[in-house]
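Data block for model-v4.txt (compact mmCIF, C-alpha atoms):
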# COMPACT_ATOMS: atom_id res chain seq x y z
CA MET O 1 -43.56 -43.36 50.09
CA ASP O 2 -46.81 -45.01 51.10
CA THR O 3 -49.85 -43.17 49.72
CA THR O 4 -51.58 -43.33 53.10
CA ILE O 5 -48.78 -41.22 54.57
CA LEU O 6 -48.98 -38.84 51.62
CA PHE O 7 -52.68 -38.31 52.28
CA LEU O 8 -51.95 -37.72 55.98
CA ILE O 9 -49.36 -35.09 55.07
CA SER O 10 -51.68 -33.61 52.47
CA GLY O 11 -54.39 -33.22 55.11
CA ALA O 12 -51.98 -31.44 57.41
CA PHE O 13 -50.87 -29.03 54.69
CA SER O 14 -54.49 -28.41 53.74
CA ALA O 15 -55.27 -27.44 57.33
CA GLY O 16 -52.37 -25.00 57.27
CA PHE O 17 -53.65 -23.51 54.04
CA ALA O 18 -57.14 -23.21 55.57
CA VAL O 19 -55.75 -21.36 58.59
CA ILE O 20 -53.80 -18.95 56.36
CA THR O 21 -56.95 -18.35 54.30
CA GLU O 22 -58.94 -17.66 57.49
CA LEU O 23 -56.27 -15.21 58.71
CA VAL O 24 -56.44 -13.33 55.42
CA LEU O 25 -60.21 -13.30 54.98
CA LEU O 26 -61.57 -13.05 58.51
CA PRO O 27 -61.19 -10.24 61.01
CA GLY O 28 -59.82 -11.09 64.43
CA LYS O 29 -56.69 -11.52 66.45
CA ASP O 30 -55.87 -14.96 65.06
CA ALA O 31 -57.52 -17.88 63.32
CA PHE O 32 -58.42 -19.54 66.60
CA SER O 33 -60.12 -16.62 68.27
CA VAL O 34 -63.84 -16.51 67.87
CA PRO O 35 -64.49 -14.01 65.05
CA GLY O 36 -66.45 -11.08 66.37
CA GLU O 37 -65.55 -11.94 69.97
CA GLY O 38 -66.41 -9.05 72.24
CA SER O 39 -68.66 -7.59 69.60
CA ALA O 40 -72.12 -6.38 70.51
CA LEU O 41 -73.45 -8.05 67.39
CA PRO O 42 -74.04 -11.78 67.63
CA PHE O 43 -74.20 -11.69 63.83
CA ALA O 44 -70.42 -11.19 63.73
CA LEU O 45 -69.91 -14.34 65.78
CA ILE O 46 -72.30 -16.42 63.68
CA PHE O 47 -70.93 -15.07 60.38
CA GLY O 48 -67.33 -15.72 61.46
CA LEU O 49 -68.05 -19.28 62.53
CA LEU O 50 -69.96 -19.95 59.32
CA MET O 51 -67.09 -18.60 57.22
CA ILE O 52 -64.58 -20.79 59.07
CA ALA O 53 -66.77 -23.82 58.29
CA VAL O 54 -67.11 -22.85 54.62
CA ILE O 55 -63.37 -22.25 54.21
CA GLU O 56 -62.19 -25.44 55.92
CA GLU O 57 -64.79 -27.75 54.38
CA SER O 58 -64.35 -26.32 50.88
CA ILE O 59 -60.59 -26.77 51.02
CA LYS O 60 -60.96 -30.36 52.26
CA LEU O 61 -63.40 -31.26 49.51
CA LEU O 62 -61.38 -29.57 46.74
CA VAL O 63 -58.11 -31.21 47.76
CA LEU O 64 -59.68 -34.66 48.19
CA GLU O 65 -61.45 -34.37 44.84
CA ARG O 66 -58.25 -33.38 43.03
CA GLN O 67 -56.26 -36.12 44.72
CA SER O 68 -58.85 -38.74 43.83
CA ARG O 69 -58.15 -38.10 40.14
CA ASN O 70 -54.69 -39.59 40.68
CA ARG O 71 -56.06 -42.58 42.58
CA PRO O 72 -59.57 -43.32 41.34
CA ASP O 73 -59.67 -46.93 42.54
CA GLY O 74 -57.98 -46.60 45.93
CA PRO O 75 -59.94 -47.54 49.04
CA ILE O 76 -61.48 -44.63 50.91
CA ARG O 77 -59.93 -45.72 54.20
CA SER O 78 -56.43 -45.23 52.74
CA THR O 79 -57.21 -41.83 51.21
CA ALA O 80 -59.96 -39.85 52.93
CA LEU O 81 -59.39 -41.20 56.44
CA PRO O 82 -55.68 -40.31 56.69
CA PHE O 83 -56.41 -36.98 54.99
CA GLY O 84 -58.98 -36.15 57.70
CA LEU O 85 -56.64 -37.31 60.45
CA GLY O 86 -53.85 -35.12 59.08
CA PHE O 87 -56.18 -32.15 58.81
CA ALA O 88 -57.39 -32.60 62.39
CA ALA O 89 -53.90 -33.18 63.78
CA ALA O 90 -52.53 -30.04 62.15
CA GLU O 91 -55.49 -27.93 63.26
CA SER O 92 -55.17 -29.24 66.82
CA ALA O 93 -51.44 -28.52 66.87
CA LEU O 94 -51.91 -25.02 65.45
CA ALA O 95 -54.62 -24.31 68.01
CA ALA O 96 -52.43 -25.59 70.85
CA PHE O 97 -49.57 -23.30 69.80
CA SER O 98 -51.81 -20.27 69.33
CA ALA O 99 -52.40 -17.64 71.97
CA GLN O 100 -55.56 -19.39 73.12
CA GLY O 101 -54.06 -22.87 73.17
CA SER O 102 -54.71 -23.14 76.88
CA ASP O 103 -58.46 -23.02 76.14
CA ILE O 104 -58.32 -26.25 74.15
CA THR O 105 -59.93 -29.18 75.97
CA ALA O 106 -59.59 -32.89 75.29
CA SER O 107 -63.23 -33.04 74.22
CA ALA O 108 -62.65 -30.19 71.74
CA VAL O 109 -59.67 -32.03 70.24
CA ALA O 110 -61.64 -35.29 70.07
CA GLY O 111 -64.45 -33.38 68.40
CA LEU O 112 -61.99 -31.96 65.85
CA PHE O 113 -60.77 -35.43 64.96
CA LEU O 114 -64.30 -36.79 64.72
CA LEU O 115 -65.48 -33.82 62.65
CA HIS O 116 -62.59 -33.75 60.18
CA THR O 117 -62.27 -37.50 59.68
CA GLY O 118 -66.05 -37.86 59.42
CA THR O 119 -66.48 -35.14 56.82
CA SER O 120 -63.42 -36.37 54.89
CA LEU O 121 -64.93 -39.87 54.76
CA LEU O 122 -68.23 -38.34 53.65
CA TYR O 123 -66.45 -36.42 50.87
CA GLY O 124 -64.40 -39.44 49.83
CA THR O 125 -67.50 -41.62 49.59
CA SER O 126 -69.30 -38.97 47.56
CA ILE O 127 -66.36 -38.51 45.20
CA ARG O 128 -66.29 -42.26 44.55
CA ARG O 129 -70.03 -42.30 43.79
CA GLY O 130 -69.99 -39.38 41.40
CA ARG O 131 -69.52 -35.66 41.30
CA ASN O 132 -73.21 -34.77 41.09
CA THR O 133 -73.55 -34.96 44.91
CA LEU O 134 -70.53 -32.82 45.84
CA ILE O 135 -72.50 -29.63 46.53
CA THR O 136 -74.91 -31.55 48.75
CA VAL O 137 -72.16 -33.17 50.81
CA LEU O 138 -70.31 -29.86 51.04
CA LEU O 139 -73.44 -28.26 52.52
CA ILE O 140 -73.75 -31.17 54.96
CA GLY O 141 -70.09 -30.83 55.93
CA VAL O 142 -70.40 -27.07 56.41
CA ALA O 143 -73.54 -27.56 58.53
CA LEU O 144 -71.82 -30.15 60.74
CA HIS O 145 -68.76 -27.96 61.14
CA PHE O 146 -70.88 -24.89 61.90
CA VAL O 147 -72.87 -26.75 64.57
CA TYR O 148 -69.62 -28.04 66.11
CA ASP O 149 -68.18 -24.50 66.20
CA ILE O 150 -71.36 -23.05 67.71
CA LEU O 151 -71.40 -25.72 70.42
CA LEU O 152 -67.74 -25.05 71.14
CA ALA O 153 -68.37 -21.29 71.34
CA LEU O 154 -71.24 -21.82 73.76
CA ALA O 155 -69.24 -24.13 76.03

Could you render the structure from this file as structure tokens?
Amino acid sequence: MDTTILFLISGAFSAGFAVITELVLLPGKDAFSVPGEGSALPFALIFGLLMIAVIEESIKLLVLERQSRNRPDGPIRSTALPFGLGFAAAESALAAFSAQGSDITASAVAGLFLLHTGTSLLYGTSIRRGRNTLITVLLIGVALHFVYDILLALA
């Protein structure tokens, strides 16, 4: 099987694992409800969105880093890009099938694809350059994801 397809599938499975992790670790009705929704404390909302960003971005970086060991010389566009697309596609599909799937807009889905492919490419580039920058790019990825989630929650 083509490795590009394997990375696409790997991204999709990683998104599923991230959602399961969010369901286990975060309070709420489901992984796609805003954590702390209806709460009087805005802290619950902010904390929940931050934890979603940390969980999803950490899983993406860990999986991409482990997979790059098996393919150290492969081009980033055939590893990180399909991984990010698979992650975004699975997350979009899971959100559409969830109880709040009707709340998903085309711009939110486009944002998911842009966010997940962009951070995956960022991680892939960093992995190729050396592991001493992984914490920095993880923090950048978490910040981007957190800002995206906040903007989505405010919309």

At a cut-off of 7 Å, using only C-alpha atoms, what residues contact O:Val142? Leave out same-chain residues fewer than 6 positions from it and give the result as a short mmCIF file (atom, residue, chain, number, x, y, z; two decimals) with C-alpha atoms, in the frame of the given file.
data_model
loop_
_atom_site.label_atom_id
_atom_site.label_comp_id
_atom_site.auth_asym_id
_atom_site.auth_seq_id
_atom_site.Cartn_x
_atom_site.Cartn_y
_atom_site.Cartn_z
CA ALA O 53 -66.77 -23.82 58.29
CA VAL O 54 -67.11 -22.85 54.62
CA GLU O 57 -64.79 -27.75 54.38
#

*Given the choices O:Phe47, O:Tyr123, O:Phe13, O:Phe7, which gets closest to O:Leu26 if the distance is worked out from all atoms listed in the file?*
O:Phe47

*Using all atoms listed in the file, which residues sit within 12 Å of O:Thr133 once same-chain residues fewer than 5 positions away are excluded, as number ranges by chain?*
O: 61, 122-128, 138-140

*Give me, please, the distance in Å between atom CA of O:Leu121 and atom CA of O:Ala90, quoted to one decimal.*
17.5 Å

*Can you work out which one of O:Ala44, O:Leu49, O:Leu23, O:Leu112 has the shortest atom-to-atom distance to O:Val147, counting only C-alpha atoms?*
O:Leu49

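Using all atoms listed in the file, the smallest distance between any of O:Val137, O:Leu62, O:Ala155, O:Ala108 and O:Ala95 comes from O:Ala108.
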
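Of the listed residues O:Thr79, O:Thr21, O:Thr105, O:Thr117, the one whose atoms come nearest to O:Ile5 is O:Thr79, with distances taken using all atoms listed in the file.
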
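Going from atom CA of O:Leu64 to atom CA of O:Tyr148 covers 21.5 Å.
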
*Measure the distance from atom CA of O:Pro82 to atom CA of O:Gly141 in Å and round it to one decimal.*
17.3 Å

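Of the listed residues (O:Leu50, O:Val109, O:Leu134, O:Leu81), O:Leu50 comes nearest to O:Ile150; the distances count all atoms listed in the file.
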